[in-house]
Each structure stands twice: as C-alpha cells, then as structure tokens.
file entry.txt (compact mmCIF, C-alpha atoms)
# COMPACT_ATOMS: atom_id res chain seq x y z
CA MET A 1 -69.01 -32.36 -26.83
CA GLU A 2 -71.94 -30.11 -26.11
CA LEU A 3 -72.71 -27.14 -28.36
CA LYS A 4 -72.01 -24.66 -25.55
CA ASP A 5 -68.58 -26.23 -24.98
CA LEU A 6 -67.77 -25.92 -28.67
CA LEU A 7 -68.81 -22.27 -28.78
CA ILE A 8 -66.96 -21.41 -25.56
CA ASP A 9 -63.81 -23.09 -26.89
CA LEU A 10 -64.08 -21.29 -30.24
CA PHE A 11 -64.57 -17.84 -28.74
CA GLY A 12 -62.03 -18.62 -26.00
CA ARG A 13 -59.36 -19.02 -28.65
CA VAL A 14 -60.00 -15.45 -29.76
CA SER A 15 -59.55 -14.33 -26.17
CA GLU A 16 -56.21 -16.15 -25.95
CA GLN A 17 -54.99 -14.51 -29.14
CA VAL A 18 -56.10 -11.04 -28.04
CA HIS A 19 -54.36 -11.50 -24.70
CA ASP A 20 -51.17 -12.78 -26.36
CA VAL A 21 -51.04 -9.80 -28.70
CA THR A 22 -51.87 -7.13 -26.14
CA SER A 23 -50.05 -8.45 -23.07
CA ASP A 24 -46.62 -7.01 -23.83
CA ILE A 25 -46.86 -4.33 -26.48
CA ASP A 26 -45.94 -0.71 -26.11
CA GLU A 27 -47.74 2.36 -27.41
CA GLU A 28 -45.56 2.56 -30.51
CA GLU A 29 -46.37 -1.03 -31.49
CA LEU A 30 -50.03 -0.41 -30.77
CA LEU A 31 -50.31 2.49 -33.22
CA THR A 32 -47.74 1.65 -35.93
CA SER A 33 -48.91 0.41 -39.31
CA PRO A 34 -46.51 -2.13 -40.79
CA GLU A 35 -46.92 -0.43 -44.19
CA PRO A 36 -48.62 2.81 -45.20
CA GLY A 37 -52.36 2.27 -45.41
CA SER A 38 -52.40 -0.96 -43.44
CA ASN A 39 -54.04 -1.56 -40.09
CA PRO A 40 -52.07 -1.23 -36.84
CA ILE A 41 -52.57 -3.63 -33.93
CA GLY A 42 -54.67 -1.10 -32.00
CA TRP A 43 -57.15 -0.76 -34.86
CA LEU A 44 -57.34 -4.53 -35.51
CA ILE A 45 -58.14 -5.44 -31.90
CA TRP A 46 -60.51 -2.47 -31.54
CA HIS A 47 -62.35 -3.49 -34.72
CA LEU A 48 -62.79 -7.15 -33.83
CA THR A 49 -64.10 -6.11 -30.41
CA ARG A 50 -66.46 -3.52 -31.88
CA VAL A 51 -67.89 -6.08 -34.32
CA GLN A 52 -68.51 -8.58 -31.52
CA ASP A 53 -69.99 -5.88 -29.26
CA MET A 54 -72.35 -4.66 -31.98
CA HIS A 55 -73.57 -8.10 -33.07
CA ILE A 56 -73.93 -9.59 -29.59
CA SER A 57 -75.81 -6.49 -28.46
CA GLU A 58 -78.19 -6.87 -31.42
CA ILE A 59 -78.74 -10.55 -30.57
CA LEU A 60 -79.41 -9.71 -26.90
CA GLU A 61 -81.40 -6.61 -27.85
CA THR A 62 -79.32 -4.43 -25.52
CA GLU A 63 -77.20 -1.32 -25.87
CA GLN A 64 -73.61 -1.84 -27.00
CA LEU A 65 -71.05 -1.69 -24.20
CA TRP A 66 -69.12 0.78 -26.37
CA VAL A 67 -72.01 3.23 -25.98
CA ASP A 68 -73.44 2.22 -22.61
CA GLN A 69 -70.07 2.32 -20.84
CA ASP A 70 -68.71 5.20 -22.98
CA TRP A 71 -65.51 3.45 -24.12
CA GLY A 72 -64.88 5.91 -26.97
CA PRO A 73 -62.76 8.44 -25.06
CA ARG A 74 -60.23 5.72 -24.18
CA PHE A 75 -59.76 5.26 -27.93
CA GLY A 76 -59.77 8.92 -28.99
CA LEU A 77 -63.27 8.55 -30.41
CA ALA A 78 -66.87 9.33 -29.69
CA SER A 79 -68.87 6.36 -28.43
CA GLU A 80 -71.00 6.13 -31.59
CA PRO A 81 -72.76 2.79 -32.11
CA TYR A 82 -72.13 2.51 -35.87
CA ASN A 83 -68.41 3.22 -35.89
CA ILE A 84 -67.02 -0.31 -35.97
CA GLY A 85 -64.34 0.13 -38.62
CA TYR A 86 -66.07 -1.24 -41.72
CA GLY A 87 -65.18 0.98 -44.64
CA HIS A 88 -62.66 3.04 -42.69
CA THR A 89 -60.36 5.16 -44.80
CA VAL A 90 -56.66 5.42 -43.97
CA GLU A 91 -57.43 8.69 -42.19
CA GLN A 92 -60.21 7.11 -40.11
CA ILE A 93 -57.97 4.17 -39.19
CA GLY A 94 -55.49 6.71 -37.85
CA THR A 95 -58.11 8.23 -35.54
CA VAL A 96 -58.44 5.00 -33.53
CA LYS A 97 -55.89 5.59 -30.79
CA PRO A 98 -56.32 3.38 -27.74
CA ASP A 99 -54.74 5.01 -24.70
CA SER A 100 -53.02 1.69 -23.92
CA ALA A 101 -52.96 -2.02 -24.67
CA ALA A 102 -54.81 -2.38 -21.38
CA ALA A 103 -57.72 -0.34 -22.80
CA LEU A 104 -57.98 -2.77 -25.70
CA PHE A 105 -57.90 -5.82 -23.48
CA GLU A 106 -60.31 -4.33 -20.91
CA TYR A 107 -62.88 -3.45 -23.59
CA PHE A 108 -62.47 -6.90 -25.17
CA THR A 109 -62.85 -8.56 -21.75
CA ALA A 110 -66.06 -6.61 -21.06
CA VAL A 111 -67.51 -7.68 -24.42
CA GLU A 112 -66.38 -11.26 -23.85
CA ALA A 113 -68.10 -11.27 -20.44
CA ARG A 114 -71.35 -10.26 -22.16
CA THR A 115 -70.90 -12.86 -24.91
CA ARG A 116 -70.15 -15.86 -22.70
CA PRO A 117 -73.62 -16.26 -21.10
CA LEU A 118 -75.14 -16.27 -24.60
CA LEU A 119 -72.73 -19.02 -25.66
CA GLU A 120 -73.41 -21.01 -22.49
CA SER A 121 -77.18 -20.88 -23.00
CA THR A 122 -77.33 -21.49 -26.77
CA THR A 123 -78.99 -24.77 -27.73
CA PRO A 124 -78.96 -26.46 -31.14
CA SER A 125 -82.53 -25.31 -31.79
CA ASP A 126 -81.51 -21.69 -31.04
CA LEU A 127 -79.11 -21.69 -33.99
CA ASP A 128 -81.96 -21.39 -36.49
CA ARG A 129 -83.49 -18.33 -34.78
CA ILE A 130 -83.43 -15.32 -37.12
CA VAL A 131 -81.39 -12.49 -35.59
CA ASP A 132 -81.03 -10.10 -38.54
CA ARG A 133 -83.70 -9.55 -41.19
CA ARG A 134 -81.69 -6.87 -43.06
CA TRP A 135 -80.16 -9.56 -45.29
CA ASP A 136 -81.66 -11.83 -47.94
CA PRO A 137 -81.81 -14.50 -46.76
CA PRO A 138 -82.18 -13.36 -43.15
CA VAL A 139 -79.30 -14.26 -40.83
CA ASN A 140 -79.82 -16.89 -38.16
CA LEU A 141 -77.98 -17.11 -34.83
CA GLY A 142 -75.70 -19.93 -35.96
CA THR A 143 -74.53 -18.02 -39.01
CA ARG A 144 -74.03 -14.83 -37.00
CA LEU A 145 -71.93 -16.60 -34.33
CA VAL A 146 -69.75 -18.18 -37.03
CA SER A 147 -69.38 -14.77 -38.68
CA ILE A 148 -68.34 -13.10 -35.41
CA ALA A 149 -65.82 -15.86 -34.63
CA ASP A 150 -64.42 -15.82 -38.17
CA ASP A 151 -63.95 -12.04 -38.19
CA SER A 152 -62.37 -12.11 -34.73
CA ILE A 153 -59.97 -14.96 -35.53
CA GLN A 154 -58.84 -13.32 -38.76
CA HIS A 155 -58.18 -9.93 -37.15
CA ALA A 156 -56.50 -11.40 -34.07
CA GLY A 157 -54.20 -13.36 -36.39
CA GLN A 158 -53.47 -10.22 -38.39
CA ALA A 159 -52.62 -8.38 -35.17
CA ALA A 160 -50.23 -11.18 -34.14
CA TYR A 161 -48.62 -11.03 -37.58
CA VAL A 162 -48.19 -7.25 -37.38
CA LYS A 163 -46.66 -7.60 -33.91
CA GLY A 164 -44.16 -10.12 -35.31
CA LEU A 165 -43.26 -7.84 -38.21
CA LEU A 166 -42.71 -4.85 -35.97
CA ARG A 167 -40.60 -6.83 -33.52
CA ARG A 168 -38.52 -8.34 -36.31
CA ARG A 169 -37.76 -4.88 -37.68
CA ARG A 170 -36.86 -3.66 -34.23
CA SER A 171 -34.54 -6.62 -33.57
CA GLN A 172 -32.77 -6.05 -36.89
CA GLY A 173 -31.71 -2.62 -35.68
CA GLY A 174 -34.31 -0.55 -37.47
CA ASP A 175 -37.20 1.21 -35.91
CA SER A 176 -40.67 -0.24 -36.28
CA ALA A 177 -41.69 2.27 -38.95
CA PRO A 178 -42.11 0.92 -42.46
CA GLY A 179 -38.79 0.52 -44.20
CA GLY A 180 -37.02 1.05 -40.86
call {"tool": "encode", "arguments": {"input": "entry.txt", "output": "structure tokens"}}
result
Amino acid sequence: MELKDLLIDLFGRVSEQVHDVTSDIDEEELLTSPEPGSNPIGWLIWHLTRVQDMHISEILETEQLWVDQDWGPRFGLASEPYNIGYGHTVEQIGTVKPDSAAALFEYFTAVEARTRPLLESTTPSDLDRIVDRRWDPPVNLGTRLVSIADDSIQHAGQAAYVKGLLRRRRSQGGDSAPGG
C-alpha cells in the first residue's frame, strides 16, 4: 500500500462517519446535548471540521475555508479563524447552531475536498517537514496529519454515540432531552 492510499483511507473513514451521522438527523437531534454541559452532534461535527480546516490551511499556507467562504452565518457565528471550539464553555458550545445537518456536511465536504489533494501528493519524505514551530519540539507533517485524523475520528465517534443515545430515548417514549 502506498502512503497516499493509507492517508486517503484513513481520512475517508472520517468522511463515512460524518455522513452516517448527518445523513438522517433532524434539527432537534443536531442541537440537543445528551446531558447538561455535554456536546451536541452539531458542535462535535462543526469542531472536527474546524480543526481540520484550520490545520490543513496552515499546512497549505492558505486562508481557512471557514473565513474565505464565510461559513459562519450558517452556524450562527462570525467567520473568525480562531474559533474552532477548543476551550469552549457550555455557553459558547450553545452558540454553535448549524442551520441544518446539510450545512455541517457541506462544510465538511468542502474541507475534505481541500484536504484530499494534500493527502494524494504526500510522500514519505514529506512527513518530516516541519509545519508548526509553535511547539517544542516543532510539529512535522506526519504528526499533524495523525493529530487531525485522531481528533476527527474521536469526535465523529462521539457524534455517532450521541445520535444513538438520543434515538434510544426517543424510541423509549421520552423526548430526546436529558432525563426524557
């Protein structure tokens, strides 16, 4: 297996999970936290997409799609480059309100389309290239790609879990609100 095939498969699994989670959810499921203070599906998918957008844009030395294409209004936010969800308070989590599951998937798909050519062109020698000197030791491309994939896989799995919890509550006759 070639490196590019491995990377495309890895990131493609994130895409499958994001599609599975967002393909058939309603607005209530999108914005409902399974428990007070926990992250709803809309925030989880938004966050994993923002992280990928920010890091891939840094690697490519381009503007983030979030900013360049002004995605913020579709999520009830300003299109600020540093708002990616890290350190969000419960109140800030509640401000992330995608207008639909389609908005989440469309933003993710746009970011994925920017990421794929990078994955297709990455060679083994590229993996050692330093892409972020703000850390000690500096971060190389290989480490950054693993970090992006790891964050994305974790959050996509969390979103799938939340979807299952909400649907289970709904099927048991309660609403999807905590304790419902």
call {"tool": "residues_around", "arguments": {"input": "entry.txt", "residues": "Arg144 of chain A", "least_positions_apart": "3", "cutoff": "12 Å", "atoms": "all atoms listed in the file", "output": "number ranges by chain"}}
result
A: 51-52, 54-56, 58-59, 126-133, 135, 138-141, 147-151
call {"tool": "closest_residue", "arguments": {"input": "entry.txt", "among": "A:Lys163, A:Thr122, A:Gly87, A:Leu48", "to": "Ser15 of chain A", "atoms": "all atoms listed in the file"}}
result
A:Leu48
call {"tool": "atom_distance", "arguments": {"input": "entry.txt", "atom1": "atom CA of Ala156 of chain A", "atom2": "atom CA of Glu91 of chain A"}}
result
21.7 Å
call {"tool": "atom_distance", "arguments": {"input": "entry.txt", "atom1": "atom CA of Trp43 of chain A", "atom2": "atom CA of Glu120 of chain A"}}
result
28.8 Å
call {"tool": "atom_distance", "arguments": {"input": "entry.txt", "atom1": "atom CA of Ser100 of chain A", "atom2": "atom CA of Asp20 of chain A"}}
result
14.8 Å
call {"tool": "residues_near_point", "arguments": {"input": "entry.txt", "point": "(-45.0, 0.0, -30.7)", "cutoff": "12 Å", "atoms": "only C-alpha atoms", "output": "PyMOL selection string"}}
result
chain A and resi 21-22+24-34+40-42+100-101+162-170+175-177
call {"tool": "write_last_selection", "arguments": {"input": "entry.txt", "atoms": "C-alpha atoms", "output": "mmCIF file, in the coordinates of the input"}}
result
data_model
loop_
_atom_site.group_PDB
_atom_site.id
_atom_site.type_symbol
_atom_site.label_atom_id
_atom_site.label_comp_id
_atom_site.auth_asym_id
_atom_site.auth_seq_id
_atom_site.Cartn_x
_atom_site.Cartn_y
_atom_site.Cartn_z
ATOM 1 C CA VAL A 21 -51.040 -9.800 -28.700
ATOM 2 C CA THR A 22 -51.870 -7.130 -26.140
ATOM 3 C CA ASP A 24 -46.620 -7.010 -23.830
ATOM 4 C CA ILE A 25 -46.860 -4.330 -26.480
ATOM 5 C CA ASP A 26 -45.940 -0.710 -26.110
ATOM 6 C CA GLU A 27 -47.740 2.360 -27.410
ATOM 7 C CA GLU A 28 -45.560 2.560 -30.510
ATOM 8 C CA GLU A 29 -46.370 -1.030 -31.490
ATOM 9 C CA LEU A 30 -50.030 -0.410 -30.770
ATOM 10 C CA LEU A 31 -50.310 2.490 -33.220
ATOM 11 C CA THR A 32 -47.740 1.650 -35.930
ATOM 12 C CA SER A 33 -48.910 0.410 -39.310
ATOM 13 C CA PRO A 34 -46.510 -2.130 -40.790
ATOM 14 C CA PRO A 40 -52.070 -1.230 -36.840
ATOM 15 C CA ILE A 41 -52.570 -3.630 -33.930
ATOM 16 C CA GLY A 42 -54.670 -1.100 -32.000
ATOM 17 C CA SER A 100 -53.020 1.690 -23.920
ATOM 18 C CA ALA A 101 -52.960 -2.020 -24.670
ATOM 19 C CA VAL A 162 -48.190 -7.250 -37.380
ATOM 20 C CA LYS A 163 -46.660 -7.600 -33.910
ATOM 21 C CA GLY A 164 -44.160 -10.120 -35.310
ATOM 22 C CA LEU A 165 -43.260 -7.840 -38.210
ATOM 23 C CA LEU A 166 -42.710 -4.850 -35.970
ATOM 24 C CA ARG A 167 -40.600 -6.830 -33.520
ATOM 25 C CA ARG A 168 -38.520 -8.340 -36.310
ATOM 26 C CA ARG A 169 -37.760 -4.880 -37.680
ATOM 27 C CA ARG A 170 -36.860 -3.660 -34.230
ATOM 28 C CA ASP A 175 -37.200 1.210 -35.910
ATOM 29 C CA SER A 176 -40.670 -0.240 -36.280
ATOM 30 C CA ALA A 177 -41.690 2.270 -38.950
#
call {"tool": "closest_residue", "arguments": {"input": "entry.txt", "among": "A:Leu44, A:Arg134, A:Ile8, A:Lys97", "to": "Gly85 of chain A", "atoms": "only C-alpha atoms"}}
result
A:Leu44
call {"tool": "residues_around", "arguments": {"input": "entry.txt", "residues": "Ile45 of chain A", "least_positions_apart": "6", "cutoff": "8 Å", "atoms": "only C-alpha atoms", "output": "PyMOL selection string"}}
result
chain A and resi 18+104+155-156+159
call {"tool": "write_last_selection", "arguments": {"input": "entry.txt", "atoms": "C-alpha atoms", "output": "mmCIF file, in the coordinates of the input"}}
result
data_model
loop_
_atom_site.group_PDB
_atom_site.id
_atom_site.type_symbol
_atom_site.label_atom_id
_atom_site.label_comp_id
_atom_site.auth_asym_id
_atom_site.auth_seq_id
_atom_site.Cartn_x
_atom_site.Cartn_y
_atom_site.Cartn_z
ATOM 1 C CA VAL A 18 -56.100 -11.040 -28.040
ATOM 2 C CA LEU A 104 -57.980 -2.770 -25.700
ATOM 3 C CA HIS A 155 -58.180 -9.930 -37.150
ATOM 4 C CA ALA A 156 -56.500 -11.400 -34.070
ATOM 5 C CA ALA A 159 -52.620 -8.380 -35.170
#
call {"tool": "closest_residue", "arguments": {"input": "entry.txt", "among": "A:Thr123, A:Ser57, A:Gln154, A:Thr95", "to": "Pro81 of chain A", "atoms": "all atoms listed in the file"}}
result
A:Ser57
call {"tool": "closest_residue", "arguments": {"input": "entry.txt", "among": "A:Arg13, A:Arg74, A:His88, A:Lys4", "to": "Pro117 of chain A", "atoms": "all atoms listed in the file"}}
result
A:Lys4
call {"tool": "closest_residue", "arguments": {"input": "entry.txt", "among": "A:Asp136, A:Glu63, A:Gly142, A:His47", "to": "Pro98 of chain A", "atoms": "only C-alpha atoms"}}
result
A:His47
call {"tool": "closest_residue", "arguments": {"input": "entry.txt", "among": "A:Glu16, A:Asp9, A:Glu35, A:Glu2", "to": "Phe105 of chain A", "atoms": "all atoms listed in the file"}}
result
A:Glu16
call {"tool": "axis_aligned_box", "arguments": {"input": "entry.txt", "around": "segment 62-65 of chain A", "padding_each_side": "5 Å", "output": "JSON"}}
result
{"center_x": -75.2, "center_y": -2.9, "center_z": -25.6, "size_x": 18.3, "size_y": 13.1, "size_z": 12.8}
